[in-house]
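Below you'll find the structure, written out as structure tokens, and then a few comments.
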Amino acid sequence: MKLNDEEQAMLNGELGEPRRWAIEHMMRVGRFFDAPDFVEVTQAHIMADTESLGEAGVEFLERMAACPEHERRVRIPMITDPRGIDFCHYKRLRQTDAMAALEQRTIDAFEALGIMMTNTCINYQTIMPPVRGEHLAFGDTGVVIYCNSVLGAYSNFEGGPSSLAAGLTGRTPRYGLHLDRNRRATKRFRVTCQPQYLSDWGALGGIVGARAGSYWEVPVIEGIEASPGSDEMKHMGAAMASFGSVPLFHLVGVTPEAPTLEAVCDPAALAAATIGETDFAAFFARYGGKGEKVDVVVFSAPQLSLLEMQSLAALLDGKKLHQDTDLLAVTSPVVAADARRMGFVERIEASGALVLEGMCFYQSYAREMGEANGWKRLLTNSAKLANIIGGYGYEPTLSNMKNCVASAIAGEIV
């Protein structure tokens, strides 16, 4: 890879061991993807939940954090994905002190590196939303697809080490979606059935993602009659990335790079596949359970926005959960603070539900929590969570928020 003078100084160790490691790591990534050089990035976002890090990963971060301060601190604004622990409620969730201790060690190391503990996968709704054309090094797949598609920023999916390396160097290899030629549509879909609920938008993302099926495919979607809001786009993008590893989509007439179909593809050379009512019905049919006892209702993955918290509070007002059913509402620290100030948290928790902040359900030792709490049948309005959580021993059902709340009150899936 071609290096400038500053990058060569990093590689020579002149700017400290953390930056030497970081630029060397990025060069290996770049060579793998045939990147000619680096592109400067303005923000970095790291996942690195403790369930994935384990003891070895945390020790690596601690060694980095033990370096001299001027060598170890990140060069650009760097933020974190949801954590695995809400320290106020982890014992109620029957997580262990050992889990909490490993989390605290990780936080201490991140803070020593100058990383801001934002603990969110919806930073584009709350913290430093990027602008069109801004080059980033973001890790969370839902964050990447939203920022690429809805905001027109440029980012690949960055693994934890690559995100950290980008923070330390302010660079990432110039490949993938940092190149305009890779942002053209390669798959075309025409929707004939309009999504109504957030779960429908998630289903649409899941359908498109599964049909695209590759990081290197870029879907373009036409036929949406009304512009979706931020939460609709959030659920669709998170599911699309989950079901198909897709980091970018275009929505004709809505997303910034697709004012017209012709702006992102040659319509004559790219035939459209139809997505209609039968496709939505088949998608939801994959997640059964109607009439069955529901153990836990989870609103997470992605974290809830302030508007979603308001909607949940309204649905739960004056109601009590069934004694055998738990309900967890997971949001970011920023949204949680606003929701608490506006009374949404108090109204939600008056029903017996629990508001968790700064974490993500499936990154929080979900299998261990399920076994400890006796949770098996899980109900959610997140297609992404429904897709993932079966791997942790749950039996998921996908429905809209209203039905999820009604089921939590009834104790069975309505």
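If you're wondering about the labels, chains in the structure tokens are A, B, ... by order shown, residues count from 1 in each chain, ligands from 1 in order shown.
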
Counting only C-alpha atoms, what are the residues of region 34-109 of chain A within 12 Å of region 177-192 of chain A, and for each of them which pair of atoms is the nearest and at what distance in Å, to one decimal? Sort the table by chain and rising number, as JSON lines.
{"residue": "A:Ala35", "atom": "CA", "partner": "A:Leu179", "partner_atom": "CA", "distance": 10.2}
{"residue": "A:Pro36", "atom": "CA", "partner": "A:Leu179", "partner_atom": "CA", "distance": 11.5}
{"residue": "A:Asp37", "atom": "CA", "partner": "A:His178", "partner_atom": "CA", "distance": 11.5}
{"residue": "A:Phe38", "atom": "CA", "partner": "A:His178", "partner_atom": "CA", "distance": 10.0}
{"residue": "A:Val39", "atom": "CA", "partner": "A:His178", "partner_atom": "CA", "distance": 8.0}
{"residue": "A:Glu40", "atom": "CA", "partner": "A:His178", "partner_atom": "CA", "distance": 10.4}
{"residue": "A:Val41", "atom": "CA", "partner": "A:His178", "partner_atom": "CA", "distance": 10.2}

Using the selection just defined, write its residues with N, CA and C atoms as a PDB file, in the first residue's frame.
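The resulting file, selection_32.pdb, is shown below:
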ATOM      1  N   ALA A  35      -6.627  -2.592  -1.569  1.00  0.00           N
ATOM      2  CA  ALA A  35      -6.719  -1.135  -1.432  1.00  0.00           C
ATOM      3  C   ALA A  35      -5.387  -0.504  -1.819  1.00  0.00           C
ATOM      4  N   PRO A  36      -5.404   0.548  -2.636  1.00  0.00           N
ATOM      5  CA  PRO A  36      -4.139   1.171  -3.056  1.00  0.00           C
ATOM      6  C   PRO A  36      -3.509   2.032  -1.974  1.00  0.00           C
ATOM      7  N   ASP A  37      -4.377   2.616  -1.108  1.00  0.00           N
ATOM      8  CA  ASP A  37      -3.878   3.530  -0.083  1.00  0.00           C
ATOM      9  C   ASP A  37      -4.954   3.678   0.987  1.00  0.00           C
ATOM     10  N   PHE A  38      -4.800   4.699   1.821  1.00  0.00           N
ATOM     11  CA  PHE A  38      -5.752   4.947   2.896  1.00  0.00           C
ATOM     12  C   PHE A  38      -6.628   6.153   2.585  1.00  0.00           C
ATOM     13  N   VAL A  39      -7.805   6.186   3.212  1.00  0.00           N
ATOM     14  CA  VAL A  39      -8.655   7.358   3.172  1.00  0.00           C
ATOM     15  C   VAL A  39      -8.788   7.867   4.610  1.00  0.00           C
ATOM     16  N   GLU A  40      -8.729   9.170   4.796  1.00  0.00           N
ATOM     17  CA  GLU A  40      -8.878   9.729   6.140  1.00  0.00           C
ATOM     18  C   GLU A  40     -10.336   9.669   6.560  1.00  0.00           C
ATOM     19  N   VAL A  41     -10.571   9.274   7.822  1.00  0.00           N
ATOM     20  CA  VAL A  41     -11.928   9.165   8.358  1.00  0.00           C
ATOM     21  C   VAL A  41     -12.109  10.159   9.496  1.00  0.00           C
TER      22      VAL A  41
END

For the helix (DSSP H, G or I) assignment from backbone DSSP, which residues of region 273-334 of chain A qualify? Please present them as a PyMOL selection string.
chain A and resi 277-285+306-316+333-334

Near region 361-375 of chain A, counting only C-alpha atoms, which residues have an atom at most 8 Å away, once you skip same-chain residues fewer than 5 positions from it, shown as number ranges by chain?
A: 49, 51, 82-85, 93-95, 295-296, 298, 300-301, 330, 385, 388-389, 392-394

What does the structure give for the distance between CA of Pro219 (chain A) and CA of Ser245 (chain A), in Å to one decimal?
11.7 Å

Which one is closest to Ala66 (chain A): A:Leu15, A:Ala339, A:Ala109, A:Ala166? Count only C-alpha atoms.
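Result for the nearest residue to Ala66 (chain A): A:Ala109.
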